[in-house]
$ cat work_5.csv   # CSV, C-alpha atoms and all ligand atoms
chain,number,residue,atom,x,y,z
A,173,MET,CA,87.0,98.5,53.2
A,174,ALA,CA,85.1,97.9,56.5
A,175,PRO,CA,81.4,97.1,56.2
A,176,SER,CA,79.1,100.1,56.7
A,177,SER,CA,77.8,98.8,60.0
A,178,SER,CA,81.4,98.6,61.4
A,179,PRO,CA,82.2,100.8,64.3
A,180,PRO,CA,84.0,104.0,63.8
A,181,VAL,CA,87.5,104.6,65.2
A,182,PRO,CA,87.5,103.6,68.8
A,183,ARG,CA,87.2,106.5,71.2
A,184,HIS,CA,89.2,104.8,73.9
A,185,VAL,CA,92.0,102.2,73.5
A,186,ALA,CA,93.5,100.5,76.5
A,187,VAL,CA,96.8,98.7,76.2
A,188,ILE,CA,98.5,96.0,78.3
A,189,MET,CA,102.1,96.7,77.4
A,190,ASP,CA,103.6,93.2,77.8
A,191,GLY,CA,106.7,91.4,76.7
A,192,ASN,CA,109.6,93.7,77.8
A,193,GLY,CA,111.3,90.9,79.7
A,194,ARG,CA,111.2,88.5,76.7
A,195,TRP,CA,112.4,91.2,74.3
A,196,ALA,CA,115.4,91.8,76.6
A,197,ARG,CA,116.1,88.1,77.0
A,198,GLU,CA,116.1,87.5,73.3
A,199,ARG,CA,119.0,90.1,73.1
A,200,ASN,CA,120.8,88.9,76.2
A,201,LEU,CA,120.1,92.2,77.9
A,202,PRO,CA,118.9,92.9,81.4
A,203,ARG,CA,115.1,93.1,81.8
A,204,LEU,CA,115.3,96.8,82.5
A,205,LYS,CA,116.6,97.4,79.0
A,206,GLY,CA,113.4,95.9,77.7
A,207,HIS,CA,111.4,98.2,79.9
A,208,GLN,CA,113.5,101.2,78.7
A,209,ALA,CA,113.0,100.3,75.1
A,210,GLY,CA,109.2,100.3,75.7
A,211,ALA,CA,109.2,104.1,76.1
A,212,GLU,CA,109.5,104.5,72.3
A,213,SER,CA,106.4,102.3,71.9
A,214,VAL,CA,104.5,104.6,74.2
A,215,ARG,CA,105.4,107.5,72.0
A,216,ALA,CA,104.4,105.6,68.9
A,217,CYS,CA,101.0,104.9,70.4
A,218,LEU,CA,100.5,108.5,71.3
A,219,ARG,CA,101.3,109.5,67.7
A,220,ALA,CA,99.0,106.8,66.3
A,221,CYS,CA,96.1,108.0,68.5
A,222,GLN,CA,96.6,111.5,67.3
A,223,GLU,CA,96.8,110.5,63.7
A,224,LEU,CA,93.7,108.2,63.9
A,225,GLY,CA,91.6,110.4,66.1
A,226,VAL,CA,91.6,108.2,69.2
A,227,THR,CA,91.0,110.6,72.0
A,228,HIS,CA,91.6,108.3,75.0
A,229,LEU,CA,94.5,106.1,75.6
A,230,THR,CA,95.0,104.0,78.8
A,231,LEU,CA,98.3,102.3,79.4
A,232,TYR,CA,98.9,99.5,82.0
A,233,ALA,CA,102.4,100.4,83.3
A,234,PHE,CA,102.5,98.5,86.6
A,235,SER,CA,100.0,96.2,88.2
A,236,SER,CA,99.3,95.6,91.9
A,237,GLU,CA,100.8,92.2,91.3
A,238,ASN,CA,104.0,93.6,89.8
A,239,TRP,CA,105.0,94.6,93.4
A,240,ARG,CA,105.9,90.9,93.7
A,241,ARG,CA,108.9,91.4,91.3
A,242,PRO,CA,112.4,91.7,92.6
A,243,GLU,CA,113.1,95.0,94.3
A,244,GLU,CA,115.7,96.0,91.8
A,245,GLU,CA,113.3,95.6,88.9
A,246,VAL,CA,110.6,97.6,90.8
A,247,ARG,CA,113.0,100.3,91.5
A,248,GLY,CA,114.1,100.4,87.9
A,249,LEU,CA,110.5,100.6,86.7
A,250,MET,CA,109.8,103.5,89.0
A,251,GLY,CA,112.9,105.3,87.8
A,252,LEU,CA,111.8,104.9,84.3
A,253,MET,CA,108.4,106.4,85.2
A,254,LYS,CA,110.3,109.5,86.4
A,255,THR,CA,112.4,109.7,83.3
A,256,PHE,CA,109.3,109.3,81.1
A,257,LEU,CA,107.6,112.2,83.0
A,258,ASP,CA,110.7,114.4,82.6
A,259,ARG,CA,111.0,113.7,78.9
A,260,GLU,CA,107.3,113.6,77.9
A,261,GLU,CA,105.8,116.4,79.9
A,262,LYS,CA,106.4,118.8,77.1
A,263,VAL,CA,104.6,116.5,74.7
A,264,LEU,CA,101.5,116.6,77.0
A,265,HIS,CA,101.6,120.4,76.9
A,266,GLU,CA,102.3,120.8,73.2
A,267,ASN,CA,99.4,118.5,72.3
A,268,ARG,CA,97.1,119.5,75.2
A,269,ILE,CA,96.9,116.0,76.5
A,270,ARG,CA,95.4,115.5,80.0
A,271,LEU,CA,97.3,113.0,82.1
A,272,ARG,CA,95.5,110.9,84.7
A,273,ILE,CA,97.0,108.3,86.9
A,274,ILE,CA,94.9,105.4,88.2
A,275,GLY,CA,96.0,102.9,91.0
A,276,ARG,CA,96.9,102.6,94.6
A,277,LEU,CA,99.3,105.5,94.7
A,278,ASP,CA,99.9,105.3,98.4
A,279,ARG,CA,102.4,102.5,97.6
A,280,ILE,CA,104.4,104.8,95.3
A,281,GLU,CA,107.5,106.5,96.7
A,282,PRO,CA,106.5,110.1,97.8
A,283,ARG,CA,108.8,112.0,95.5
A,284,LEU,CA,107.5,110.2,92.4
A,285,ARG,CA,104.0,110.4,93.7
A,286,ASP,CA,104.3,114.2,94.1
A,287,HIS,CA,105.8,114.6,90.7
A,288,LEU,CA,103.0,112.6,89.1
A,289,ALA,CA,100.4,114.7,91.0
A,290,GLN,CA,102.0,117.9,89.7
A,291,VAL,CA,101.9,116.9,86.1
A,292,VAL,CA,98.3,115.6,86.5
A,293,GLU,CA,97.4,119.0,88.0
A,294,LYS,CA,99.2,121.0,85.3
A,295,THR,CA,97.3,119.2,82.5
A,296,ARG,CA,93.9,119.0,84.1
A,297,ASP,CA,92.4,121.7,81.9
A,298,TYR,CA,93.4,120.0,78.7
A,299,ASP,CA,90.8,118.1,76.7
A,300,ARG,CA,92.2,117.5,73.2
A,301,ALA,CA,93.3,114.0,74.3
A,302,HIS,CA,93.5,112.0,77.4
A,303,LEU,CA,96.3,109.7,78.6
A,304,THR,CA,95.6,107.5,81.6
A,305,VAL,CA,98.5,105.6,83.1
A,306,ALA,CA,97.6,102.6,85.3
A,307,LEU,CA,100.3,102.4,88.0
A,308,SER,CA,100.2,100.2,91.0
A,309,TYR,CA,96.8,99.4,89.5
A,310,GLY,CA,94.5,96.4,90.0
A,311,GLY,CA,91.0,96.1,88.7
A,312,ARG,CA,89.8,94.2,91.8
A,313,ALA,CA,91.4,96.8,94.1
A,314,GLU,CA,89.6,99.6,92.1
A,315,ILE,CA,86.2,97.9,92.6
A,316,ALA,CA,86.9,97.3,96.3
A,317,ASP,CA,87.9,100.9,96.7
A,318,ALA,CA,84.7,102.0,95.1
A,319,ALA,CA,82.7,99.7,97.3
A,320,ARG,CA,84.4,101.1,100.4
A,321,ARG,CA,83.8,104.7,99.4
A,322,LEU,CA,80.1,104.0,98.7
A,323,ALA,CA,79.9,102.3,102.2
A,324,GLU,CA,81.4,105.4,103.8
A,325,ARG,CA,78.9,107.6,102.0
A,326,VAL,CA,76.0,105.4,103.3
A,327,ARG,CA,77.5,105.6,106.8
A,328,ALA,CA,77.7,109.4,106.5
A,329,GLY,CA,74.0,109.4,105.5
A,330,GLU,CA,74.7,110.9,102.1
A,331,ILE,CA,73.2,108.0,100.1
A,332,ALA,CA,71.0,105.0,100.9
A,333,PRO,CA,71.9,101.4,100.1
A,334,GLU,CA,69.1,101.4,97.5
A,335,ASP,CA,71.0,104.2,95.6
A,336,ILE,CA,73.9,101.8,94.8
A,337,ASP,CA,73.5,100.8,91.2
A,338,GLU,CA,75.9,100.3,88.3
A,339,GLU,CA,76.0,104.0,87.7
A,340,ALA,CA,76.9,104.7,91.3
A,341,VAL,CA,79.7,102.1,91.3
A,342,ALA,CA,81.1,103.5,88.0
A,343,ALA,CA,81.0,107.0,89.5
A,344,HIS,CA,83.3,105.9,92.3
A,345,LEU,CA,86.0,104.3,90.2
A,346,TYR,CA,89.4,106.0,89.9
A,347,ALA,CA,88.7,108.0,86.7
A,348,PRO,CA,84.9,108.1,86.5
A,349,ASP,CA,84.9,110.7,83.7
A,350,VAL,CA,86.8,108.5,81.2
A,351,PRO,CA,84.6,106.5,78.9
A,352,ASP,CA,84.9,102.7,78.9
A,353,PRO,CA,87.5,101.4,76.5
A,354,ASP,CA,86.2,100.3,73.1
A,355,LEU,CA,89.3,98.3,72.3
A,356,MET,CA,91.9,96.5,74.5
A,357,ILE,CA,95.2,95.5,73.0
A,358,ARG,CA,97.6,93.1,74.7
A,359,THR,CA,101.1,92.5,73.2
A,360,SER,CA,103.4,89.5,73.5
A,361,GLY,CA,100.9,86.7,72.9
A,362,GLU,CA,99.5,86.4,76.3
A,363,ARG,CA,95.7,86.1,76.3
A,364,ARG,CA,94.6,87.3,79.6
A,365,ILE,CA,93.4,90.4,81.3
A,366,SER,CA,95.8,90.3,84.3
A,367,ASN,CA,93.5,92.4,86.6
A,368,PHE,CA,93.3,95.3,84.2
A,369,LEU,CA,90.1,97.5,84.1
A,370,LEU,CA,87.8,94.6,85.1
A,371,TRP,CA,84.7,96.8,85.4
A,372,GLN,CA,85.4,99.0,82.3
A,373,LEU,CA,86.3,96.2,79.9
A,374,SER,CA,82.9,94.6,80.1
A,375,TYR,CA,82.1,95.2,76.4
A,376,ALA,CA,85.5,96.1,75.0
A,377,GLU,CA,86.7,94.3,71.9
A,378,LEU,CA,89.9,92.4,72.7
A,379,TYR,CA,92.9,92.3,70.4
A,380,PHE,CA,96.0,90.1,71.0
A,381,THR,CA,99.2,90.3,69.1
A,382,GLU,CA,102.4,88.3,69.3
A,383,VAL,CA,104.5,91.5,68.9
A,384,LEU,CA,106.5,92.3,72.0
A,385,TRP,CA,105.9,95.7,73.5
A,386,PRO,CA,109.3,97.2,72.7
A,387,ASP,CA,108.7,96.3,69.0
A,388,PHE,CA,105.1,97.8,68.9
A,389,ARG,CA,104.9,100.7,66.5
A,390,GLU,CA,102.2,102.9,64.8
A,391,ALA,CA,101.6,100.3,62.1
A,392,HIS,CA,100.7,97.7,64.8
A,393,PHE,CA,98.4,100.1,66.5
A,394,ARG,CA,96.7,100.9,63.1
A,395,GLU,CA,96.4,97.2,62.5
A,396,ALA,CA,94.6,96.7,65.8
A,397,VAL,CA,92.2,99.5,65.1
A,398,ALA,CA,91.5,98.2,61.6
A,399,ASP,CA,90.7,94.8,63.1
A,400,TYR,CA,88.4,96.5,65.6
A,401,GLN,CA,86.6,98.2,62.7
A,402,HIS,CA,85.7,94.9,61.2
A,403,ARG,CA,84.1,93.6,64.4
A,404,LYS,CA,80.4,93.7,65.0
A,405,ARG,CA,79.6,95.0,68.5
A,406,ARG,CA,76.2,93.8,69.8
A,407,PHE,CA,76.0,94.8,73.4
A,408,GLY,CA,73.7,91.8,74.0
A,409,ARG,CA,71.3,92.6,71.2
A,410,SER,CA,70.4,90.0,68.6
A,411,GLU,CA,71.2,92.1,65.6
A,501,LIG,C1,105.6,94.2,80.8
A,501,LIG,O1,106.7,93.4,80.4
A,501,LIG,C2,106.0,95.3,81.7
A,501,LIG,C3,105.5,95.2,83.1
A,501,LIG,C4,104.7,94.2,83.5
A,501,LIG,C5,105.9,96.2,84.0
A,501,LIG,P1,107.1,92.2,81.3
A,501,LIG,O2,108.2,92.6,82.2
A,501,LIG,O3,106.0,91.5,81.9
A,501,LIG,O4,107.7,91.2,80.2
A,501,LIG,P2,107.6,89.6,80.1
A,501,LIG,O5,106.2,89.3,80.1
A,501,LIG,O6,108.4,89.1,81.2
A,501,LIG,O7,108.2,89.3,78.8
A,502,LIG,C1,100.5,92.8,83.1
A,502,LIG,O1,101.6,92.2,82.7
A,502,LIG,C2,100.8,94.1,83.8
A,502,LIG,C3,101.4,95.1,82.9
A,502,LIG,C4,101.7,95.0,81.7
A,502,LIG,C5,101.8,96.3,83.6
A,502,LIG,P1,102.3,91.0,83.5
A,502,LIG,O2,103.4,90.5,82.7
A,502,LIG,O3,102.5,91.4,84.9
A,502,LIG,O4,101.1,89.9,83.6
A,502,LIG,P2,101.1,88.4,83.9
A,502,LIG,O5,101.8,88.2,85.2
A,502,LIG,O6,101.8,87.7,82.8
A,502,LIG,O7,99.7,88.0,83.9
A,503,MG,MG,104.7,90.1,81.3

$ encode --input "work_5.csv" --output "structure tokens"
Amino acid sequence: MAPSSSPPVPRHVAVIMDGNGRWARERNLPRLKGHQAGAESVRACLRACQELGVTHLTLYAFSSENWRRPEEEVRGLMGLMKTFLDREEKVLHENRIRLRIIGRLDRIEPRLRDHLAQVVEKTRDYDRAHLTVALSYGGRAEIADAARRLAERVRAGEIAPEDIDEEAVAAHLYAPDVPDPDLMIRTSGERRISNFLLWQLSYAELYFTEVLWPDFREAHFREAVADYQHRKRRFGRSE
């Protein structure tokens, strides 16, 4: 059993869904098949969150840097995003899950962008659970965008430069009402952040697993949460 000082179930879990390409390669399949197989892992995470009482889940689906991949793979990934929306929208309604999308959406093809915006709008009043998808997302871009918006507000005379503090920056991020992640999971054995939620992960506990994303299931999610519950979070304090 976890010690009594251990943290409760994390409120917010963020996931870097990595290893789809390697999963496909191991099976001599095209990379897109690996991405496709990852959809079931997303469902598994949603179920695990519900079961454990994790109310916020953020999934890194496509990074700013992923635009550097071959056009065919990018197109395939965007197509999968559409399929996922078509198939999973009902799950969002049934479970009253609010969907948010974070990232530079101006780079997304208009039809998909409108579709995403529609689902975001239709679920905006739900508050039982919160699913955030990071799409065309980069942590540095998010901070730069916040800085630009703050500068514009200064220029408009709405705020003074002295008003810009951590709280003000946080308030201008893409999803300011979502609490910072308590736990960040990355699959596939890579131990890096890859430009994910740079601001928000400041004090998150990090969990790395060798499991490739398409193989990731509820039991793996539960394992990560159990590991988190054995950590001692200090937030800079000595005790
Ligand atoms: C993660 O899997 C999915 C995205 C980055 C979109 P990868 O495609 O990065 O898989 P690996 O890392 O090559 O195995
Ligand atoms: C991070 O994975 C981005 C997503 C999972 C969406 P990558 O596979 O793109 O990261 P690097 O390139 O290995 O750092
Ligand atoms: Mg990868």

$ atom_distance --input "work_5.csv" --atom1 "atom C2 of ligand LIG 501 (chain A)" --atom2 "atom CA of A:Gly225"
26.1 Å

$ residues_around --input "work_5.csv" --residues "stretch 256-260 of chain A" --least-positions-apart "3" --cutoff "9 Å" --atoms "only C-alpha atoms" --output "list in words"
Ala211, Arg215, Gly251, Leu252, Met253, Val263, Leu264, His265, His287, Leu288 and Val291 of chain A

$ write_last_selection --input "work_5.csv" --atoms "C-alpha atoms" --output "CSV table (one decimal), in the coordinates of the input"
chain,number,residue,atom,x,y,z
A,211,ALA,CA,109.2,104.1,76.1
A,215,ARG,CA,105.4,107.5,72.0
A,251,GLY,CA,112.9,105.3,87.8
A,252,LEU,CA,111.8,104.9,84.3
A,253,MET,CA,108.4,106.4,85.2
A,263,VAL,CA,104.6,116.5,74.7
A,264,LEU,CA,101.5,116.6,77.0
A,265,HIS,CA,101.6,120.4,76.9
A,287,HIS,CA,105.8,114.6,90.7
A,288,LEU,CA,103.0,112.6,89.1
A,291,VAL,CA,101.9,116.9,86.1

$ atom_distance --input "work_5.csv" --atom1 "atom CA of A:Leu370" --atom2 "atom O5 of ligand LIG 502 (chain A)"
15.4 Å

$ closest_atom_pairs --input "work_5.csv" --of "chain A" --to "ligand LIG 502 (chain A)" --cutoff "6 Å" --atoms "only C-alpha atoms and all ligand atoms" --output "tab-separated table"
residue	atom	partner	partner_atom	distance
A:Ile188	CA	A:LIG502	C4	4.8
A:Met189	CA	A:LIG502	C4	4.6
A:Asp190	CA	A:LIG502	C4	4.7
A:Tyr232	CA	A:LIG502	C5	4.6
A:Ala233	CA	A:LIG502	C5	4.2
A:Phe234	CA	A:LIG502	C5	3.8
A:Ser235	CA	A:LIG502	C5	4.9
A:Asn238	CA	A:LIG502	O3	5.6
A:Ser366	CA	A:LIG502	O7	4.5

$ atom_distance --input "work_5.csv" --atom1 "atom MG of ligand MG 503 (chain A)" --atom2 "atom CA of A:Asn192"
7.0 Å

$ closest_atom_pairs --input "work_5.csv" --of "stretch 174-290 of chain A" --to "stretch 344-361 of chain A" --cutoff "12 Å" --atoms "all atoms listed in the file" --output "Markdown table"
| residue | atom | partner | partner_atom | distance |
| --- | --- | --- | --- | --- |
| A:Pro179 | CA | A:Asp354 | CA | 9.7 |
| A:Pro180 | CA | A:Asp354 | CA | 10.2 |
| A:Val181 | CA | A:Asp354 | CA | 9.1 |
| A:Pro182 | CA | A:Asp354 | CA | 5.6 |
| A:Arg183 | CA | A:Asp354 | CA | 6.6 |
| A:His184 | CA | A:Pro353 | CA | 4.6 |
| A:Val185 | CA | A:Leu355 | CA | 4.9 |
| A:Ala186 | CA | A:Met356 | CA | 4.7 |
| A:Val187 | CA | A:Ile357 | CA | 4.8 |
| A:Ile188 | CA | A:Arg358 | CA | 4.7 |
| A:Met189 | CA | A:Thr359 | CA | 6.0 |
| A:Asp190 | CA | A:Thr359 | CA | 5.3 |
| A:Gly191 | CA | A:Ser360 | CA | 5.0 |
| A:Asn192 | CA | A:Ser360 | CA | 8.6 |
| A:Gly193 | CA | A:Ser360 | CA | 10.1 |
| A:Arg194 | CA | A:Ser360 | CA | 8.5 |
| A:Trp195 | CA | A:Ser360 | CA | 9.2 |
| A:Gly210 | CA | A:Thr359 | CA | 11.5 |
| A:Ser213 | CA | A:Thr359 | CA | 11.2 |
| A:Cys217 | CA | A:Ile357 | CA | 11.3 |
| A:Val226 | CA | A:Asp354 | CA | 10.3 |
| A:Thr227 | CA | A:Pro351 | CA | 10.3 |
| A:His228 | CA | A:Val350 | CA | 7.8 |
| A:Leu229 | CA | A:Pro353 | CA | 8.5 |
| A:Thr230 | CA | A:Pro353 | CA | 8.3 |
| A:Leu231 | CA | A:Ile357 | CA | 9.8 |
| A:Tyr232 | CA | A:Arg358 | CA | 9.8 |
| A:Arg270 | CA | A:Val350 | CA | 11.2 |
| A:Leu271 | CA | A:Ala347 | CA | 11.0 |
| A:Arg272 | CA | A:Ala347 | CA | 7.7 |
| A:Ile273 | CA | A:Ala347 | CA | 8.3 |
| A:Ile274 | CA | A:Tyr346 | CA | 5.8 |
| A:Gly275 | CA | A:Tyr346 | CA | 7.4 |
| A:Arg276 | CA | A:Tyr346 | CA | 9.5 |
| A:Leu277 | CA | A:Tyr346 | CA | 11.0 |

$ closest_residue --input "work_5.csv" --among "A:Trp239, A:Phe393, A:Phe407, A:Trp385" --to "A:Glu212" --atoms "only C-alpha atoms"
A:Trp385

$ closest_residue --input "work_5.csv" --among "A:Leu201, A:Ala209, A:Leu384, A:Leu218" --to "ligand LIG 501 (chain A)" --atoms "all atoms listed in the file"
A:Leu384

$ closest_residue --input "work_5.csv" --among "A:Lys262, A:Arg364, A:Arg406, A:Arg389" --to "ligand MG 503 (chain A)" --atoms "all atoms listed in the file"
A:Arg364

$ closest_residue --input "work_5.csv" --among "A:Arg321, A:Arg283, A:Arg219, A:Arg312" --to "A:Asn267" --atoms "only C-alpha atoms"
A:Arg219

$ decode --input "work_5.csv" --residues "stretch 351-384 of chain A" --atoms "N, CA and C atoms" --output "short mmCIF file (atom, residue, chain, number, x, y, z; two decimals), in the first residue's frame"
data_model
loop_
_atom_site.label_atom_id
_atom_site.label_comp_id
_atom_site.auth_asym_id
_atom_site.auth_seq_id
_atom_site.Cartn_x
_atom_site.Cartn_y
_atom_site.Cartn_z
N PRO A 351 -5.95 22.50 -15.10
CA PRO A 351 -4.86 22.49 -14.11
C PRO A 351 -3.59 21.86 -14.69
N ASP A 352 -2.44 22.18 -14.13
CA ASP A 352 -1.18 21.60 -14.60
C ASP A 352 -1.21 20.08 -14.42
N PRO A 353 -0.56 19.35 -15.32
CA PRO A 353 -0.52 17.89 -15.14
C PRO A 353 0.22 17.50 -13.86
N ASP A 354 -0.28 16.47 -13.19
CA ASP A 354 0.41 15.92 -12.02
C ASP A 354 1.38 14.84 -12.46
N LEU A 355 1.00 14.15 -13.52
CA LEU A 355 1.77 13.00 -14.00
C LEU A 355 1.90 13.07 -15.51
N MET A 356 3.12 12.87 -16.01
CA MET A 356 3.35 12.79 -17.45
C MET A 356 3.89 11.41 -17.78
N ILE A 357 3.21 10.74 -18.69
CA ILE A 357 3.62 9.40 -19.12
C ILE A 357 4.18 9.49 -20.54
N ARG A 358 5.33 8.88 -20.78
CA ARG A 358 5.79 8.73 -22.17
C ARG A 358 6.04 7.26 -22.44
N THR A 359 5.50 6.77 -23.53
CA THR A 359 5.68 5.37 -23.91
C THR A 359 6.89 5.23 -24.84
N SER A 360 7.28 4.02 -25.06
CA SER A 360 8.28 3.60 -26.07
C SER A 360 9.73 3.80 -25.66
N GLY A 361 9.97 4.08 -24.39
CA GLY A 361 11.35 4.10 -23.90
C GLY A 361 12.11 5.40 -24.11
N GLU A 362 11.55 6.34 -24.85
CA GLU A 362 12.25 7.63 -25.02
C GLU A 362 12.09 8.43 -23.74
N ARG A 363 13.18 9.08 -23.34
CA ARG A 363 13.13 9.85 -22.09
C ARG A 363 13.37 11.32 -22.37
N ARG A 364 12.42 11.89 -23.06
CA ARG A 364 12.50 13.33 -23.30
C ARG A 364 11.10 13.91 -23.37
N ILE A 365 11.06 15.24 -23.37
CA ILE A 365 9.79 15.97 -23.33
C ILE A 365 9.30 16.30 -24.74
N SER A 366 10.22 16.40 -25.70
CA SER A 366 9.87 16.71 -27.09
C SER A 366 8.89 17.88 -27.22
N ASN A 367 9.19 18.97 -26.51
CA ASN A 367 8.42 20.22 -26.69
C ASN A 367 6.95 20.11 -26.24
N PHE A 368 6.69 19.24 -25.30
CA PHE A 368 5.31 19.05 -24.79
C PHE A 368 5.11 19.88 -23.53
N LEU A 369 4.07 20.67 -23.45
CA LEU A 369 3.63 21.37 -22.23
C LEU A 369 4.78 21.90 -21.37
N LEU A 370 5.70 22.62 -21.99
CA LEU A 370 6.92 23.03 -21.28
C LEU A 370 6.61 23.83 -20.01
N TRP A 371 5.66 24.71 -20.10
CA TRP A 371 5.31 25.54 -18.94
C TRP A 371 4.61 24.69 -17.87
N GLN A 372 3.62 23.91 -18.32
CA GLN A 372 2.73 23.22 -17.38
C GLN A 372 3.38 22.03 -16.70
N LEU A 373 4.44 21.47 -17.27
CA LEU A 373 5.04 20.27 -16.68
C LEU A 373 6.06 20.59 -15.58
N SER A 374 6.21 21.87 -15.23
CA SER A 374 7.25 22.28 -14.28
C SER A 374 7.41 21.36 -13.08
N TYR A 375 6.27 20.97 -12.49
CA TYR A 375 6.35 20.13 -11.30
C TYR A 375 5.64 18.79 -11.45
N ALA A 376 5.46 18.37 -12.70
CA ALA A 376 4.82 17.06 -12.92
C ALA A 376 5.79 15.94 -12.56
N GLU A 377 5.25 14.83 -12.11
CA GLU A 377 6.06 13.62 -11.95
C GLU A 377 6.15 12.96 -13.33
N LEU A 378 7.34 12.48 -13.68
CA LEU A 378 7.55 11.90 -15.01
C LEU A 378 7.62 10.38 -14.93
N TYR A 379 6.96 9.72 -15.85
CA TYR A 379 6.93 8.25 -15.86
C TYR A 379 7.24 7.78 -17.29
N PHE A 380 8.26 6.94 -17.40
CA PHE A 380 8.65 6.44 -18.72
C PHE A 380 8.48 4.93 -18.75
N THR A 381 7.87 4.44 -19.81
CA THR A 381 7.70 2.99 -19.94
C THR A 381 8.19 2.55 -21.32
N GLU A 382 8.69 1.32 -21.37
CA GLU A 382 9.18 0.75 -22.64
C GLU A 382 8.03 0.36 -23.56
N VAL A 383 6.84 0.20 -23.00
CA VAL A 383 5.68 -0.25 -23.79
C VAL A 383 5.45 0.70 -24.96
N LEU A 384 5.24 0.16 -26.15
CA LEU A 384 4.96 1.00 -27.32
C LEU A 384 3.49 1.43 -27.26
#
